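The structure under discussion appears below in the form of structure tokens.
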Amino acid sequence: MHGIEAAIESYREPMTRCKVKRFQTSGHVVTRRGTAAVVEYDWDMAWNDQDTEHEARGREVPVLNRHPDGWRVVRGTQIAA
């Protein structure tokens with residue numbers, strides 16, 4: 001996906017119909033080199049989507065770049081377990 005609007009919509013749309021029951025993170029690791037940072041963490045989530053129960057877990061690895069106005073995600077990888 002490209003652009004901030006597409007990224008925001010990828011989170012917004014499911015939240016219009018889903019109810020998150022549990023979201024936990026653990027195993028946080030941050031590696032910083034100059035103006036870049038790689039953040040890694042495990043996630044565990046349970047949610048209800050239109051009366052259907054779901055559970056999933058995985059690992060998220062966003063890559064960020066520091067700008068004068070703050071950090072920006074430049075790439076993200078999500079690995080489902």
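Ligands are numbered from 1 in the order shown, residues from 1 within each chain, and chains are lettered A, B, ... in the order they appear in the structure tokens.
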Please return as a list in words: the residues of chain A that backbone DSSP assigns to helix (DSSP H, G or I).
-> Ile4, Glu5, Ala6, Ala7, Ile8, Glu9, Ser10, Tyr11, Arg12, Glu13, Pro14 and Met15 of chain A
Taking the DSSP assignment computed from this structure's backbone, write out as a VMD selection string all residues of chain A that belong to strand (DSSP E or B).
-> chain A and resid 18 to 33 36 to 49 52 to 67 70 to 80
Polymer residues at most 10 Å from A:Pro14, only C-alpha atoms, same-chain spacing of 5 or more positions, as a count of residues only = 3
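Among A:His2, A:His54, A:Arg59, A:Arg12, the residue with the shortest atom-to-atom distance to A:His28, counting only C-alpha atoms, is A:Arg59.
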